[in-house]
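**Student:** Pasting a structure here, questions to come.
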Amino acid sequence: MTDLQGGSMNGFAHHVRSGLGQDAALTDPSIYTVSSIADIKQSLVQLSSQEALVTSRLDDLIASQRDLTRELARLDILRAQIGSQAVATRSISNGILSNAASTATRISSAVKQLDLEQARVRSTLDVVEQVAELKTCVLGVTGSMGAPQDWETAAGYLNRAFRIPREIINGSFAEEIVPTAEVPDPPVVTLENAAESLRGLFLREFEKAAQEGNGGKVTRFFKLFPLIGKPEVGLDVYGRYVCQGVASRARANLNAGTGGNQRKEGFFYANALTKLFEHIAQIIEHHGGLVERHYGAGRMVKVIERLQLEADVQGGIVLDTWGDERSIDRKLTDIRSYAFTFLVQSFLPQQATRSGTPRAGSPATKGSTAEAQAREDESIDMREVDGILSESAVMLGRWALYSRFIADKCKEPSEDETRELIIPPLLENSSLRRKVTDRLITPFNVMTTFFIRRSVEKAFQLDEQPSDLSLNPKQSIPSDPPYITSAVDDVMYIVNQVVERSLATSQKAVILSVIPTLARVLGSDFIGMIQRKMRDESYPKATIQGAPPPEQTIIAFLVLMNNLDVATDYVKRIVQSRVEINSGTGSANNSGSTLSGSLASIFPLEHDAVIVANSLKSLQSTFEGKTSELISDGVIVLFKNVVKPRLRPVLADAFRDTDYQMTQQELEDLSREVEAEGGEGISPDNAVQYHFQRGWDVLTKPIIRILTERNYDRLLGAIISYLSEVLEKRIWSYYERLDDLGAVRLERDIASVVSIVVRGGRYGLRDAFARCTQICLVMNMETDEWEELDATSTESRDDGIDWKIDHDERTRARGMVRNRSRR
């Protein structure tokens with residue numbers, strides 16, 4: 001209590017000192033340096049206020065001392081109570097809990113010791129049980145291999161023995177307990193001798209059953225090899241067994257065509273290769289479950305590797321025999337030396353100067369050239385080449401199907417089912433795969449290239465123009481559109497056949513070679529021949545100054561343009577029928593699109609489907625780009641040489657007798673005169689429309705009846721681009737030569753001309769006449785509308801109209817009507 005009181009008093013004194021210190025800090029430090037009475041008085045007042053403040057604080061502290069003393073007394077009482085409780089706690093801990101803790105420690109140690117002893121007892125029992133099991137197995141193996149000769153039981157005992165840990169079998173305890181008078185050797189020696197003896201026995205019995213063709217005994221002994229710890233031996237002997245069956249079946253298939261025409265006709269070798277692959281697939285499919293069940297998951301791959309080695313041998317024999325029988329090497333030599341005389345002669349510069357009808361057979365070949373062409377045509381039989389390509393495609397397709405089957409069977413069980421297949425190493429490194437590349441894929445690519453070029457050459461050799469075509473609308477055409485030459489159908493049939501055959505191979509290497517080659521041949525030979533004909537044989541050029549080109553030349557030029565357009569549509573349909581771009585089904589590519597399920601099913605390995613689709617789409621885009629460019633050039637030629645010389649007179653004739661300065665009364669009088677003379681339908685109100693309609697039909701109908709719709713739309717675009725400029729110049733030519741009525745008539749006539757040109761649903765072409773229609777619009781605006789428009793343009797505000805004429809042109813258009821204020 002005294003300590004607490006002393007501490008409280010010391011704290012009280014410290015508090016007072018700190019308060020005084022704070023008040024002293026408020027005192028002006030210059031109190032000792034004052035120099036006047038006023039400063040002294042000021043300092044005195046400050047000291048008095050500080051004194052009063054300190055006195056007030058001291059009184060407050062003295063008043064609170066009584067409460068502080070009371071609280072300190074309570075703390076002393078609590079300290080005494082806590083001290084007694086601490087003494088009681090120490091007595092409990094020392095007298096009661098210490099004994100319990102010691103007891104718990106002893107019990108825990110005893111329990112741990114007991115657990116250790118129990119574990120040792122269990123371990124000992126396990127060893128004893130395993131040694132007993134080992135002894136039972138040793139005696140069982142020995143007994144089963146004796147007089148009973150129960151091989152399944154012996155193998156079962158061995159399998160049970162091999163499950164016992166090696167340290168038990170090799171341990172000293174087992175060596176002491178297991179041997180008996182009948183079996184005195186250590187257990188490891190007995191088991192190894194038994195396993196080796198059974199291995200030899202099972203091998204002999206397996207081979208004997210295989211020679212006898214006893215499938216039951218083959219299966220019986222095949223299942224016993226993993227039980228005696230010799231699974232590799234079992235898989236090896238089983239692989240030899242099935243390979244013998246594959247080899248004998250393959251030889252039988254090849255020998256089936258000996259002595260007849262079966263090897264020379266049809267798909268004999270393709271069928272032989274197919275049967276080989278089917279036989280192997282049946283073995284894998286039917287026996288795979290047996291192998292997996294008795295040898296473990298994934299062990300069938302070992303058998304597949306052995307089967308693939310036999311497939312390499314037998315498949316190689318089929319391909320080599322096929323190559324020799326079909327004289328593939330000789331045909332490849334002939335193909336590589338083929339000169340394509342007709343195509344070469346067609347592109348020679350002198351061919352442009354030769355005259356003749358625009359029929360196939362041009363360029364003409366005479367004398368030695370014709371004889372060389374005939375000999376060249378007879379040197380290679382296209383039917384044989386086509387048959388070889390078809391048989392090669394079948395064999396490549398079967399190889400692809402077989403590869404997918406093997407890849408699926410060799411796939412790890414844990415792999416995602418939706419994951420694309422990957423060629424396993426046993427196929428990637430197989431000799432048959434290399435032979436397929438050398439004996440099938442390479443000749444297929446070379447022969448396909450020749451087949452495409454020769455087909456294009458032959459198509460143009462036999463090319464024929466459609467008959468009875470005429471530009472006279474009154475003369476009927478017996479055939480149906482589109483009007484194209486025979487070469488287009490012939491070549492596009494070959495293109496479709498080549499694409500179909502290449503896809504049937506399911507070989508990415510074939511697609512990446514054939515499709516670019518196809519695009520190159522179509523671009524250089526097919527499009528090149530049409531371009532040469534358009535330039536040298538059918539160029540629409542007037543033979544007499546001022547006269548139109550000959551009718552047959554124009555028709556031939558239009559037909560060649562149709563060839564390009566129809567061929568583009570053919571190629572587009574050929575590609576899109578194989579590559580469909582959907583939004584919800586298929587497998588995705590690197591650009592976000594999706595592939596049709598059919599293409600993905602043909603090329604399931606890795607990313608082959610995407611690569612093939614891109615190659616096909618590249619064919620379409622490349623061909624379409626070249627044809628579009630040539631069609632555009634043809635449209636320009638057709639417009640400049642055929643349409644343009646006749647278009648300006650048509651427009652001039654339409655507006656020839658039109659006077660936009662006539663009054664309403666003069667128009668009515670003229671209309672009555674026309675009616676009186678019987679000129680119904682050619683009144684001043686529709687004279688421009690009538691004359692332009694007649695001239696436009698005479699100009700365009702002969703072309704429309706020959707050209708395809710897309711080509712005519714391209715030509716119409718060129719015509720409209722030119723016509724809009726001519727119409728605009730004609731409108732400006734009436735500057736200050738119009739009155740209000742004449743401006744309305746001019747706008748109506750311009751609208752009727754535009755309607756005639758864009759009829760048939762081609763409303764998008766009206767945009768080309770936007771400047772003409774806007775000039776007429778401004779020209780016929782009411783005064784208040786013009787003032788509002790002019791104010792908007794001056795203030796650079798948006799009036800909601802997409803103007804094609806600027807502010808100055810609008811002002812000029814407003815001034816076209818004479819005696820009208822432009823403001």
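All residue names refer to the structure tokens as shown: chains lettered A, B, ... in order, residues numbered from 1 in each chain, ligands numbered from 1 in order.
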Set the distance at 9 Å and use only C-alpha atoms: which residues neighbour A:Asp525 once local chain neighbours fewer than 3 positions away are removed? I'd like the list as a PyMOL selection string.

**Tutor:** chain A and resi 343+453+456-457+520-522+528-530

**Student:** Store the residues picked out above, limited to C-alpha atoms, as a short mmCIF file (atom, residue, chain, number, x, y, z; two decimals), in the first residue's frame.

**Tutor:**
data_model
loop_
_atom_site.label_atom_id
_atom_site.label_comp_id
_atom_site.auth_asym_id
_atom_site.auth_seq_id
_atom_site.Cartn_x
_atom_site.Cartn_y
_atom_site.Cartn_z
CA LEU A 343 -0.05 -26.80 -126.25
CA ARG A 453 -2.24 -31.43 -118.82
CA VAL A 456 -6.61 -30.05 -121.13
CA GLU A 457 -4.65 -30.45 -124.35
CA ARG A 520 -1.01 -24.20 -112.05
CA VAL A 521 -2.19 -26.19 -115.10
CA LEU A 522 -5.60 -24.51 -115.09
CA GLY A 528 -3.84 -19.42 -121.19
CA MET A 529 -5.50 -21.12 -124.17
CA ILE A 530 -8.67 -19.10 -123.70
#

**Student:** Between A:Thr773, A:Thr103, A:Ser538, A:Gln507, which one has atoms that come closest to A:Val612, using only C-alpha atoms?

**Tutor:**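 Nearest candidate to A:Val612 out of A:Thr773, A:Thr103, A:Ser538, A:Gln507: A:Gln507.
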
**Student:** Which is closest to A:Trp151 among A:Lys223, A:Arg106, A:Arg336, A:His607, if we use only C-alpha atoms?

**Tutor:** A:Lys223

**Student:** Compare A:Val559, A:Ala813, A:Ala174, A:Val87 by their minimum atom-to-atom distance to A:Val127, counting only C-alpha atoms, and give me the closest one.

**Tutor:**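 Closest residue, counting only C-alpha atoms: A:Ala174.
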
**Student:** So which one's closest to A:Gln497, A:Ala195, A:Ala101, A:Ala547, A:Val571? Using only C-alpha atoms, please.

**Tutor:** A:Val571

**Student:** Quick one: residues within 7 Å of A:Val688, only C-alpha atoms, excluding same-chain residues fewer than 5 positions away - as a ChimeraX atom specification?

**Tutor:** /A:654-655,749

**Student:** Can you tell me which residues surround stretch 550-555 of chain A at a distance of at most 7 Å, considering only C-alpha atoms, apart from same-chain residues fewer than 5 positions away, and format the answer as a list in words?

**Tutor:**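 Near stretch 550-555 of chain A, the qualifying residues are Ser538, Tyr539, Pro540 and Ala542 of chain A.
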
**Student:** Choose the residue, out of A:Met779, A:Ala652, A:Val579, A:Leu560, that has the smallest atom-to-atom separation from A:Ala600; count only C-alpha atoms.

**Tutor:**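 Closest residue, counting only C-alpha atoms: A:Val579.
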
**Student:** Between A:Gln693, A:Ser346, A:Ser513, A:Asn641, which is the closest to A:Asp536 once you count only C-alpha atoms?

**Tutor:**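 Ranked by minimum distance to A:Asp536, first place goes to A:Ser346.
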
**Student:** Could you list, as a list in words, every residue within 8 Å of stretch 201-214 of chain A, counting only C-alpha atoms and ignoring same-chain residues fewer than 4 positions away?

**Tutor:**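 In the requested form, the answer reads Ser197, Val218, Phe221, Phe222, Leu224, Phe225, Val237 and Tyr241 of chain A.
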
**Student:** Write down as a short mmCIF file (atom, residue, chain, number, x, y, z; two decimals) with N, CA and C atoms, in the first residue's frame the residues belonging to stretch 62-181 of chain A that are assigned alpha helix (DSSP H) by DSSP computed on the backbone.

**Tutor:**
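Listing of states25.cif after writing:
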data_model
loop_
_atom_site.label_atom_id
_atom_site.label_comp_id
_atom_site.auth_asym_id
_atom_site.auth_seq_id
_atom_site.Cartn_x
_atom_site.Cartn_y
_atom_site.Cartn_z
N ILE A 62 -5.86 17.64 -6.56
CA ILE A 62 -6.07 17.36 -5.14
C ILE A 62 -7.46 16.77 -4.92
N ALA A 63 -8.45 17.26 -5.68
CA ALA A 63 -9.83 16.77 -5.53
C ALA A 63 -9.95 15.31 -5.99
N SER A 64 -9.16 14.90 -6.99
CA SER A 64 -9.26 13.53 -7.49
C SER A 64 -8.38 12.57 -6.72
N GLN A 65 -7.61 12.99 -5.74
CA GLN A 65 -6.69 12.09 -5.04
C GLN A 65 -7.46 11.08 -4.20
N ARG A 66 -8.65 11.44 -3.69
CA ARG A 66 -9.42 10.56 -2.83
C ARG A 66 -9.88 9.34 -3.65
N ASP A 67 -10.38 9.55 -4.85
CA ASP A 67 -10.82 8.42 -5.69
C ASP A 67 -9.65 7.53 -6.06
N LEU A 68 -8.52 8.10 -6.35
CA LEU A 68 -7.35 7.32 -6.71
C LEU A 68 -6.89 6.45 -5.56
N THR A 69 -6.97 6.98 -4.37
CA THR A 69 -6.57 6.20 -3.20
C THR A 69 -7.51 5.01 -3.00
N ARG A 70 -8.81 5.21 -3.25
CA ARG A 70 -9.77 4.13 -3.09
C ARG A 70 -9.51 3.01 -4.11
N GLU A 71 -9.21 3.34 -5.32
CA GLU A 71 -8.94 2.33 -6.35
C GLU A 71 -7.67 1.56 -6.02
N LEU A 72 -6.67 2.24 -5.51
CA LEU A 72 -5.44 1.56 -5.14
C LEU A 72 -5.68 0.54 -4.03
N ALA A 73 -6.58 0.88 -3.11
CA ALA A 73 -6.89 -0.06 -2.03
C ALA A 73 -7.56 -1.32 -2.59
N ARG A 74 -8.45 -1.14 -3.55
CA ARG A 74 -9.12 -2.31 -4.16
C ARG A 74 -8.10 -3.20 -4.87
N LEU A 75 -7.14 -2.60 -5.52
CA LEU A 75 -6.11 -3.38 -6.19
C LEU A 75 -5.30 -4.21 -5.19
N ASP A 76 -5.04 -3.65 -4.05
CA ASP A 76 -4.30 -4.40 -3.03
C ASP A 76 -5.09 -5.62 -2.58
N ILE A 77 -6.40 -5.44 -2.38
CA ILE A 77 -7.24 -6.57 -1.96
C ILE A 77 -7.23 -7.68 -3.03
N LEU A 78 -7.36 -7.30 -4.29
CA LEU A 78 -7.35 -8.29 -5.36
C LEU A 78 -6.02 -9.01 -5.45
N ARG A 79 -4.94 -8.30 -5.22
CA ARG A 79 -3.63 -8.94 -5.26
C ARG A 79 -3.52 -9.99 -4.18
N ALA A 80 -4.07 -9.73 -3.03
CA ALA A 80 -4.00 -10.72 -1.97
C ALA A 80 -4.80 -11.97 -2.31
N GLN A 81 -5.99 -11.77 -2.92
CA GLN A 81 -6.81 -12.93 -3.30
C GLN A 81 -6.12 -13.77 -4.37
N ILE A 82 -5.52 -13.10 -5.34
CA ILE A 82 -4.84 -13.82 -6.42
C ILE A 82 -3.66 -14.59 -5.86
N GLY A 83 -2.97 -14.07 -4.92
CA GLY A 83 -1.84 -14.77 -4.31
C GLY A 83 -2.26 -16.07 -3.66
N SER A 84 -3.39 -16.07 -2.95
CA SER A 84 -3.88 -17.30 -2.31
C SER A 84 -4.27 -18.34 -3.35
N GLN A 85 -4.88 -17.88 -4.46
CA GLN A 85 -5.26 -18.82 -5.53
C GLN A 85 -4.02 -19.44 -6.18
N ALA A 86 -2.98 -18.66 -6.35
CA ALA A 86 -1.74 -19.18 -6.96
C ALA A 86 -1.12 -20.24 -6.05
N VAL A 87 -1.19 -20.04 -4.72
CA VAL A 87 -0.65 -21.04 -3.80
C VAL A 87 -1.43 -22.34 -3.91
N ALA A 88 -2.78 -22.22 -4.02
CA ALA A 88 -3.61 -23.42 -4.14
C ALA A 88 -3.33 -24.16 -5.44
N THR A 89 -3.13 -23.42 -6.52
CA THR A 89 -2.85 -24.04 -7.83
C THR A 89 -1.54 -24.80 -7.80
N ARG A 90 -0.54 -24.20 -7.20
CA ARG A 90 0.75 -24.89 -7.13
C ARG A 90 0.65 -26.17 -6.31
N SER A 91 -0.16 -26.13 -5.30
CA SER A 91 -0.31 -27.34 -4.47
C SER A 91 -1.01 -28.45 -5.24
N ILE A 92 -2.03 -28.07 -6.06
CA ILE A 92 -2.73 -29.08 -6.87
C ILE A 92 -1.80 -29.68 -7.89
N SER A 98 1.00 -34.14 -11.13
CA SER A 98 2.32 -34.70 -11.42
C SER A 98 2.28 -36.22 -11.41
N ASN A 99 1.53 -36.80 -10.49
CA ASN A 99 1.40 -38.26 -10.46
C ASN A 99 0.67 -38.79 -11.69
N ALA A 100 -0.42 -38.05 -12.09
CA ALA A 100 -1.18 -38.48 -13.28
C ALA A 100 -0.33 -38.40 -14.53
N ALA A 101 0.49 -37.34 -14.63
CA ALA A 101 1.35 -37.19 -15.80
C ALA A 101 2.36 -38.31 -15.87
N SER A 102 2.91 -38.67 -14.80
CA SER A 102 3.89 -39.75 -14.78
C SER A 102 3.24 -41.07 -15.20
N THR A 103 2.03 -41.29 -14.70
CA THR A 103 1.30 -42.52 -15.07
C THR A 103 1.02 -42.55 -16.57
N ALA A 104 0.59 -41.40 -17.11
CA ALA A 104 0.29 -41.34 -18.55
C ALA A 104 1.53 -41.61 -19.39
N THR A 105 2.65 -41.11 -18.96
CA THR A 105 3.90 -41.34 -19.69
C THR A 105 4.26 -42.82 -19.70
N ARG A 106 4.10 -43.48 -18.59
CA ARG A 106 4.41 -44.90 -18.53
C ARG A 106 3.46 -45.70 -19.42
N ILE A 107 2.17 -45.34 -19.39
CA ILE A 107 1.19 -46.07 -20.20
C ILE A 107 1.49 -45.89 -21.69
N SER A 108 1.82 -44.65 -22.10
CA SER A 108 2.11 -44.38 -23.51
C SER A 108 3.32 -45.18 -23.98
N SER A 109 4.35 -45.25 -23.18
CA SER A 109 5.54 -46.01 -23.54
C SER A 109 5.21 -47.49 -23.68
N ALA A 110 4.36 -47.98 -22.77
CA ALA A 110 3.98 -49.40 -22.84
C ALA A 110 3.18 -49.70 -24.11
N VAL A 111 2.27 -48.78 -24.46
CA VAL A 111 1.46 -48.97 -25.67
C VAL A 111 2.34 -48.99 -26.91
N LYS A 112 3.29 -48.05 -26.96
CA LYS A 112 4.19 -48.03 -28.11
C LYS A 112 5.00 -49.33 -28.21
N GLN A 113 5.44 -49.80 -27.10
CA GLN A 113 6.21 -51.04 -27.10
C GLN A 113 5.35 -52.21 -27.57
N LEU A 114 4.06 -52.20 -27.11
CA LEU A 114 3.14 -53.26 -27.52
C LEU A 114 2.86 -53.20 -29.02
N ASP A 115 2.68 -51.99 -29.55
CA ASP A 115 2.45 -51.84 -30.99
C ASP A 115 3.65 -52.34 -31.78
N LEU A 116 4.84 -52.03 -31.31
CA LEU A 116 6.04 -52.48 -32.00
C LEU A 116 6.13 -54.01 -32.00
N GLU A 117 5.81 -54.59 -30.85
CA GLU A 117 5.85 -56.05 -30.78
C GLU A 117 4.79 -56.68 -31.68
N GLN A 118 3.58 -56.06 -31.71
CA GLN A 118 2.53 -56.59 -32.58
C GLN A 118 2.95 -56.49 -34.06
N ALA A 119 3.55 -55.36 -34.44
CA ALA A 119 4.01 -55.20 -35.83
C ALA A 119 5.04 -56.26 -36.17
N ARG A 120 5.95 -56.50 -35.24
CA ARG A 120 6.96 -57.52 -35.49
C ARG A 120 6.34 -58.91 -35.60
N VAL A 121 5.32 -59.15 -34.76
CA VAL A 121 4.64 -60.45 -34.82
C VAL A 121 3.93 -60.61 -36.15
N ARG A 122 3.22 -59.51 -36.60
CA ARG A 122 2.53 -59.58 -37.88
C ARG A 122 3.52 -59.77 -39.03
N SER A 123 4.61 -59.03 -38.98
CA SER A 123 5.63 -59.19 -40.02
C SER A 123 6.17 -60.61 -40.05
N THR A 124 6.40 -61.15 -38.87
CA THR A 124 6.88 -62.53 -38.79
C THR A 124 5.85 -63.51 -39.34
N LEU A 125 4.56 -63.26 -38.98
CA LEU A 125 3.49 -64.13 -39.49
C LEU A 125 3.39 -64.04 -41.01
N ASP A 126 3.55 -62.79 -41.55
CA ASP A 126 3.51 -62.63 -43.00
C ASP A 126 4.63 -63.41 -43.66
N VAL A 127 5.81 -63.31 -43.09
CA VAL A 127 6.93 -64.06 -43.66
C VAL A 127 6.66 -65.55 -43.60
N VAL A 128 6.14 -65.99 -42.46
CA VAL A 128 5.85 -67.42 -42.31
C VAL A 128 4.80 -67.85 -43.31
N GLU A 129 3.73 -67.01 -43.47
CA GLU A 129 2.67 -67.35 -44.42
C GLU A 129 3.21 -67.36 -45.85
N GLN A 130 4.04 -66.37 -46.18
CA GLN A 130 4.59 -66.34 -47.53
C GLN A 130 5.52 -67.51 -47.78
N VAL A 131 6.31 -67.87 -46.77
CA VAL A 131 7.19 -69.04 -46.93
C VAL A 131 6.34 -70.30 -47.06
N ALA A 132 5.27 -70.36 -46.28
CA ALA A 132 4.38 -71.52 -46.42
C ALA A 132 3.75 -71.55 -47.81
N GLU A 133 3.32 -70.36 -48.29
CA GLU A 133 2.77 -70.28 -49.64
C GLU A 133 3.83 -70.69 -50.66
N LEU A 134 5.05 -70.24 -50.44
CA LEU A 134 6.13 -70.60 -51.35
C LEU A 134 6.35 -72.11 -51.37
N LYS A 135 6.34 -72.70 -50.19
CA LYS A 135 6.54 -74.16 -50.11
C LYS A 135 5.42 -74.88 -50.83
N THR A 136 4.18 -74.39 -50.64
CA THR A 136 3.04 -75.00 -51.31
C THR A 136 3.21 -74.90 -52.83
N CYS A 137 3.63 -73.72 -53.29
CA CYS A 137 3.80 -73.52 -54.74
C CYS A 137 4.90 -74.42 -55.29
N VAL A 138 6.02 -74.51 -54.55
CA VAL A 138 7.11 -75.35 -55.03
C VAL A 138 6.68 -76.79 -55.13
N LEU A 139 6.02 -77.27 -54.08
CA LEU A 139 5.54 -78.66 -54.10
C LEU A 139 4.47 -78.84 -55.17
N GLY A 140 3.60 -77.82 -55.33
CA GLY A 140 2.55 -77.92 -56.34
C GLY A 140 3.11 -77.95 -57.74
N VAL A 141 4.11 -77.10 -58.01
CA VAL A 141 4.73 -77.10 -59.34
C VAL A 141 5.38 -78.45 -59.62
N THR A 142 6.14 -78.90 -58.64
CA THR A 142 6.83 -80.18 -58.83
C THR A 142 5.84 -81.33 -59.02
N GLY A 143 4.80 -81.31 -58.20
CA GLY A 143 3.82 -82.39 -58.30
C GLY A 143 3.03 -82.33 -59.59
N SER A 144 2.66 -81.12 -60.05
CA SER A 144 1.87 -81.00 -61.29
C SER A 144 2.68 -81.35 -62.51
N TRP A 151 -0.38 -78.92 -66.84
CA TRP A 151 0.42 -77.73 -67.12
C TRP A 151 -0.26 -76.46 -66.63
N GLU A 152 -1.57 -76.41 -66.69
CA GLU A 152 -2.27 -75.22 -66.21
C GLU A 152 -2.07 -75.03 -64.71
N THR A 153 -2.16 -76.18 -63.97
CA THR A 153 -1.97 -76.09 -62.52
C THR A 153 -0.53 -75.70 -62.19
N ALA A 154 0.41 -76.28 -62.91
CA ALA A 154 1.82 -75.94 -62.68
C ALA A 154 2.06 -74.47 -62.97
N ALA A 155 1.51 -73.99 -64.06
CA ALA A 155 1.68 -72.57 -64.38
C ALA A 155 1.00 -71.69 -63.34
N GLY A 156 -0.15 -72.15 -62.82
CA GLY A 156 -0.82 -71.38 -61.78
C GLY A 156 0.00 -71.29 -60.51
N TYR A 157 0.63 -72.42 -60.13
CA TYR A 157 1.50 -72.39 -58.95
C TYR A 157 2.71 -71.47 -59.17
N LEU A 158 3.27 -71.51 -60.34
CA LEU A 158 4.40 -70.62 -60.63
C LEU A 158 3.97 -69.16 -60.56
N ASN A 159 2.79 -68.88 -61.10
CA ASN A 159 2.29 -67.50 -61.06
C ASN A 159 2.10 -67.03 -59.62
N ARG A 160 1.57 -67.94 -58.75
CA ARG A 160 1.43 -67.60 -57.32
C ARG A 160 2.79 -67.39 -56.67
N ALA A 161 3.76 -68.21 -57.04
CA ALA A 161 5.09 -68.07 -56.45
C ALA A 161 5.76 -66.77 -56.85
N PHE A 162 5.54 -66.35 -58.11
CA PHE A 162 6.18 -65.13 -58.58
C PHE A 162 5.58 -63.88 -57.94
N ARG A 166 10.72 -61.14 -53.89
CA ARG A 166 11.97 -61.82 -54.18
C ARG A 166 12.84 -61.99 -52.95
N GLU A 167 12.75 -61.01 -52.03
CA GLU A 167 13.58 -61.13 -50.83
C GLU A 167 13.15 -62.31 -49.96
N ILE A 168 11.87 -62.68 -50.02
CA ILE A 168 11.41 -63.86 -49.28
C ILE A 168 11.92 -65.14 -49.94
N ILE A 169 11.80 -65.17 -51.29
CA ILE A 169 12.22 -66.37 -52.01
C ILE A 169 13.72 -66.61 -51.84
N SER A 172 17.19 -66.61 -46.35
CA SER A 172 17.75 -67.81 -45.70
C SER A 172 16.67 -68.65 -45.03
N PHE A 173 15.64 -67.99 -44.50
CA PHE A 173 14.56 -68.74 -43.84
C PHE A 173 13.87 -69.67 -44.83
N ALA A 174 13.58 -69.14 -46.07
CA ALA A 174 12.93 -69.97 -47.07
C ALA A 174 13.84 -71.12 -47.50
N GLU A 175 15.15 -70.83 -47.58
CA GLU A 175 16.07 -71.89 -47.97
C GLU A 175 16.14 -73.01 -46.93
N GLU A 176 15.82 -72.68 -45.67
CA GLU A 176 15.82 -73.69 -44.62
C GLU A 176 14.51 -74.47 -44.55
N ILE A 177 13.40 -73.79 -44.79
CA ILE A 177 12.08 -74.39 -44.55
C ILE A 177 11.54 -75.08 -45.79
#

**Student:** Need the shell around A:Thr517: protein/DNA/RNA residues with any atom at most 12 Å away, counting only C-alpha atoms. Skip same-chain ones fewer than 4 positions apart. Format as a PyMOL selection string?

**Tutor:** chain A and resi 445-453+495+498-499+502+510-513+521-525+615-616+618-619+622-623

**Student:** Once you have the residues from the selection above, write them out as a short mmCIF file (atom, residue, chain, number, x, y, z; two decimals), in the first residue's frame, restricted to C-alpha atoms.

**Tutor:**
data_model
loop_
_atom_site.label_atom_id
_atom_site.label_comp_id
_atom_site.auth_asym_id
_atom_site.auth_seq_id
_atom_site.Cartn_x
_atom_site.Cartn_y
_atom_site.Cartn_z
CA ASN A 445 1.64 -37.25 -108.47
CA VAL A 446 3.64 -37.45 -111.71
CA MET A 447 0.90 -39.28 -113.61
CA THR A 448 -1.80 -36.97 -112.29
CA THR A 449 0.13 -33.94 -113.49
CA PHE A 450 0.42 -35.53 -116.93
CA PHE A 451 -3.21 -36.63 -116.87
CA ILE A 452 -4.39 -33.09 -116.15
CA ARG A 453 -2.24 -31.43 -118.82
CA VAL A 495 -10.86 -31.42 -112.55
CA VAL A 498 -8.80 -35.47 -110.16
CA VAL A 499 -9.97 -33.78 -106.97
CA SER A 502 -6.90 -37.27 -104.82
CA VAL A 510 -0.90 -36.22 -102.59
CA ILE A 511 -3.16 -33.24 -101.95
CA LEU A 512 -0.25 -30.86 -101.39
CA SER A 513 1.22 -31.95 -104.74
CA VAL A 521 -2.19 -26.19 -115.10
CA LEU A 522 -5.60 -24.51 -115.09
CA GLY A 523 -3.96 -21.11 -114.83
CA SER A 524 -1.28 -21.65 -117.46
CA ASP A 525 -2.87 -24.05 -119.97
CA SER A 615 -5.21 -26.19 -100.24
CA LEU A 616 -8.62 -26.64 -101.89
CA SER A 618 -6.38 -21.85 -102.43
CA LEU A 619 -7.21 -23.62 -105.71
CA THR A 622 -6.18 -18.69 -107.38
CA PHE A 623 -8.33 -19.81 -110.30
#

**Student:** For atom CA of A:Glu725 and atom CA of A:Phe769, quote the distance in Å rounded to one decimal.

**Tutor:**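 Atom CA of A:Phe769 lies 8.5 Å from atom CA of A:Glu725.
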
**Student:** May I ask for the distance between atom CA of A:Gly717 and atom CA of A:Leu765, given in Å to one decimal place?

**Tutor:**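 About the pair atom CA of A:Gly717 and atom CA of A:Leu765: they are 7.4 Å apart.
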